[in-house]
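Colleague: See structure.txt below, with compact mmCIF, C-alpha atoms.
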# COMPACT_ATOMS: atom_id res chain seq x y z
CA MET A 6 0.00 0.00 0.00
CA ALA A 7 1.43 3.41 -1.02
CA PRO A 8 1.86 6.06 1.70
CA ARG A 9 -0.91 8.66 1.74
CA LYS A 10 0.04 12.09 0.57
CA LYS A 11 -0.96 14.97 2.86
CA PRO A 12 -3.42 17.35 1.22
CA ASP A 13 -2.18 20.87 0.54
CA PRO A 14 -3.30 23.38 3.16
CA LYS A 15 -5.96 25.79 1.94
CA LYS A 16 -4.22 28.83 3.39
CA GLY A 17 -0.82 29.88 4.68
CA THR A 18 1.54 27.71 2.66
CA GLY A 19 4.26 30.34 2.32
CA LYS A 20 7.25 31.01 4.51
CA LYS A 21 6.32 33.25 7.42
CA PRO A 22 8.85 35.81 8.68
CA LYS A 23 9.47 35.54 12.45
CA GLY A 24 7.12 37.72 14.45
CA SER A 25 5.00 38.61 11.41
CA GLY A 26 1.46 37.73 10.51
CA ARG A 27 2.32 37.93 6.80
CA ARG A 28 3.57 35.14 4.63
CA LEU A 29 5.94 35.79 1.77
CA TYR A 30 4.80 33.40 -0.92
CA THR A 31 1.05 33.25 -0.46
CA ASP A 32 -1.41 36.04 -0.91
CA GLU A 33 -3.62 35.41 2.09
CA ASN A 34 -5.49 38.68 1.65
CA PRO A 35 -5.72 39.67 -2.04
CA LYS A 36 -7.75 42.80 -1.15
CA ASP A 37 -4.65 44.06 0.68
CA THR A 38 -2.38 43.67 -2.36
CA VAL A 39 -0.73 46.73 -3.90
CA SER A 40 -0.02 46.28 -7.60
CA ILE A 41 3.38 47.45 -8.80
CA LYS A 42 3.83 48.67 -12.37
CA PHE A 43 7.29 49.45 -13.66
CA ALA A 44 7.15 49.02 -17.43
CA THR A 45 7.72 52.74 -18.07
CA PRO A 46 8.86 55.71 -15.98
CA THR A 47 5.24 56.95 -16.02
CA ASP A 48 4.04 53.64 -14.55
CA ALA A 49 6.73 53.88 -11.88
CA ARG A 50 5.68 57.43 -10.92
CA LYS A 51 2.03 56.35 -10.67
CA THR A 52 3.03 53.41 -8.45
CA VAL A 53 5.09 55.71 -6.22
CA THR A 54 2.15 58.12 -5.89
CA LYS A 55 -0.14 55.21 -4.99
CA VAL A 56 2.30 53.84 -2.40
CA LYS A 57 2.67 57.24 -0.74
CA LYS A 58 -1.13 57.59 -0.44
CA ILE A 59 -1.99 54.11 0.88
CA ASN A 60 -2.67 53.57 4.55
CA LYS A 61 0.12 51.11 5.32
CA PRO A 62 3.01 51.16 7.79
CA TYR A 63 6.28 52.82 6.75
CA ALA A 64 8.10 49.47 6.54
CA ARG A 65 5.48 48.06 4.16
CA LYS A 66 5.76 51.09 1.86
CA ILE A 67 9.54 50.76 1.77
CA GLN A 68 9.15 47.04 1.03
CA ILE A 69 6.84 47.74 -1.91
CA LEU A 70 9.18 50.37 -3.35
CA THR A 71 12.18 48.06 -2.90
CA VAL A 72 10.43 45.30 -4.85
CA GLY A 73 9.78 47.75 -7.70
CA GLU A 74 13.37 49.00 -7.62
CA GLN A 75 14.90 45.51 -7.61
CA ARG A 76 12.69 44.21 -10.40
CA ALA A 77 13.45 47.25 -12.56
CA LYS A 78 17.19 46.87 -11.91
CA VAL A 79 17.14 43.22 -12.95
CA MET A 80 15.33 44.17 -16.15
CA GLY A 81 17.91 46.87 -16.88
CA LYS A 82 15.48 49.76 -16.44
CA THR A 83 17.81 52.11 -14.58
CA GLU A 84 15.59 55.18 -14.94
CA VAL A 85 12.62 53.34 -13.41
CA ALA A 86 14.81 51.93 -10.63
CA SER A 87 16.05 55.43 -9.79
CA ILE A 88 12.44 56.68 -9.51
CA PHE A 89 11.72 54.01 -6.88
CA LYS A 90 15.02 54.70 -5.10
CA LYS A 91 14.34 58.44 -4.94
CA ALA A 92 10.85 57.74 -3.55
CA LYS A 93 12.37 55.57 -0.80
CA LYS A 94 14.76 58.40 0.12
CA THR A 95 11.85 60.85 0.28
CA LEU A 96 9.79 58.54 2.50
CA LYS A 97 12.77 57.96 4.77
CA ALA A 98 13.40 61.71 5.09
CA GLN A 99 9.73 62.33 5.90
CA LYS A 100 9.79 59.63 8.56
CA GLU A 101 12.99 60.97 10.13
CA LYS A 102 11.53 64.49 10.17
CA LYS A 103 8.33 63.19 11.76
CA ASP A 104 10.24 61.08 14.32
CA GLY A 105 12.55 64.01 15.05
CA LYS A 106 9.55 66.19 15.93
CA LYS A 107 8.21 63.51 18.28
CA SER A 108 11.50 63.13 20.15
CA SER A 109 11.95 66.91 20.57
CA ARG A 110 8.51 67.22 22.19
CA SER A 111 9.24 64.58 24.83
CA ALA A 112 12.61 66.11 25.76
Show me this structure written as structure tokens.
Modeller:
Amino acid sequence: MAPRKKPDPKKGTGKKPKGSGRRLYTDENPKDTVSIKFATPTDARKTVTKVKKINKPYARKIQILTVGEQRAKVMGKTEVASIFKKAKKTLKAQKEKKDGKKSSRSA
């Protein structure tokens, strides 16, 4: 008799980062997905605008922009990659400015 094969789980088959509720390889919540377009510089700018407006944590926004940047780099689209990289710098500067204000109030 052949050994029984375990059925695939319906949800949560991807690798889960420690301490995170998200899984990397499975889209457990498709409504939460942010589409990334990077075919042209115009697409990249639209994606950056969308990412800046969405209500997600800072780390998630940086993660989305990094994915766009890395994919564009691999495809040899340096102009598109630089758009994503500049957006990450802007977000980081905004966060540091915001965090700087918070720390000066408590001092």
Colleague: Which is closer to Pro46 in chain A than all the others in A:Glu101, A:Val79, A:Glu74, A:Lys106, using all atoms listed in the file?
Modeller: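 Under the stated criterion, the closest residue is A:Glu74.
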Colleague: Grab the CA of Lys90 in chain A to CA of Gly105 in chain A distance for me, in Å with one decimal place.
Modeller: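 Computed distance, CA of Lys90 in chain A to CA of Gly105 in chain A, equals 22.3 Å.
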Colleague: What gap, in Å, lies between CA of Asn60 in chain A and CA of Glu84 in chain A?
Modeller: 26.8 Å
Colleague: With all atoms listed in the file as the basis for distance, which of A:Val85, A:Arg65, A:Lys78, A:Thr71 is at the shortest distance from Ala44 in chain A?
Modeller: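 Under the stated criterion, the closest residue is A:Val85.
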Colleague: Nearest residue to Thr47 in chain A out of A:Thr83, A:Lys102, A:Ile88, A:Ile69, using all atoms listed in the file?
Modeller: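 Of A:Thr83, A:Lys102, A:Ile88, A:Ile69, the one nearest Thr47 in chain A is A:Ile88, counting all atoms listed in the file.
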Colleague: Name the closest residue to Ala86 in chain A among the candidates A:Ile41, A:Lys55, A:Leu70, A:Ala64; distances are taken between atoms, counting all atoms listed in the file.
Modeller: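 Of the candidates, the smallest distance to Ala86 in chain A is held by A:Leu70.
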Colleague: May I ask which of the residues A:Asp48, A:Gly81, A:Lys66, A:Arg76 is the closest one to Lys100 in chain A, counting only C-alpha atoms?
Modeller: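 Closest residue, counting only C-alpha atoms: A:Lys66.
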Colleague: Report, in Å with one decimal, the straight-line distance from CA of Val39 in chain A to CA of Lys51 in chain A.
Modeller: 12.1 Å
Colleague: Quick one: of A:Lys103, A:Lys58, A:Lys91, A:Lys42, who's nearest to Val72 in chain A, counting only C-alpha atoms?
Modeller: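 So, comparing all the options, the nearest one is A:Lys42.
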Colleague: The centre and edge lengths of an axis-aligned box containing all atoms of range 71-84 of chain A present in the file, extended by 6 Å on each side, are to be given in Å to one decimal, as lines of an AutoDock Vina configuration file.
Modeller:
center_x = 13.8
center_y = 49.2
center_z = -9.9
size_x = 20.1
size_y = 24.0
size_z = 26.0
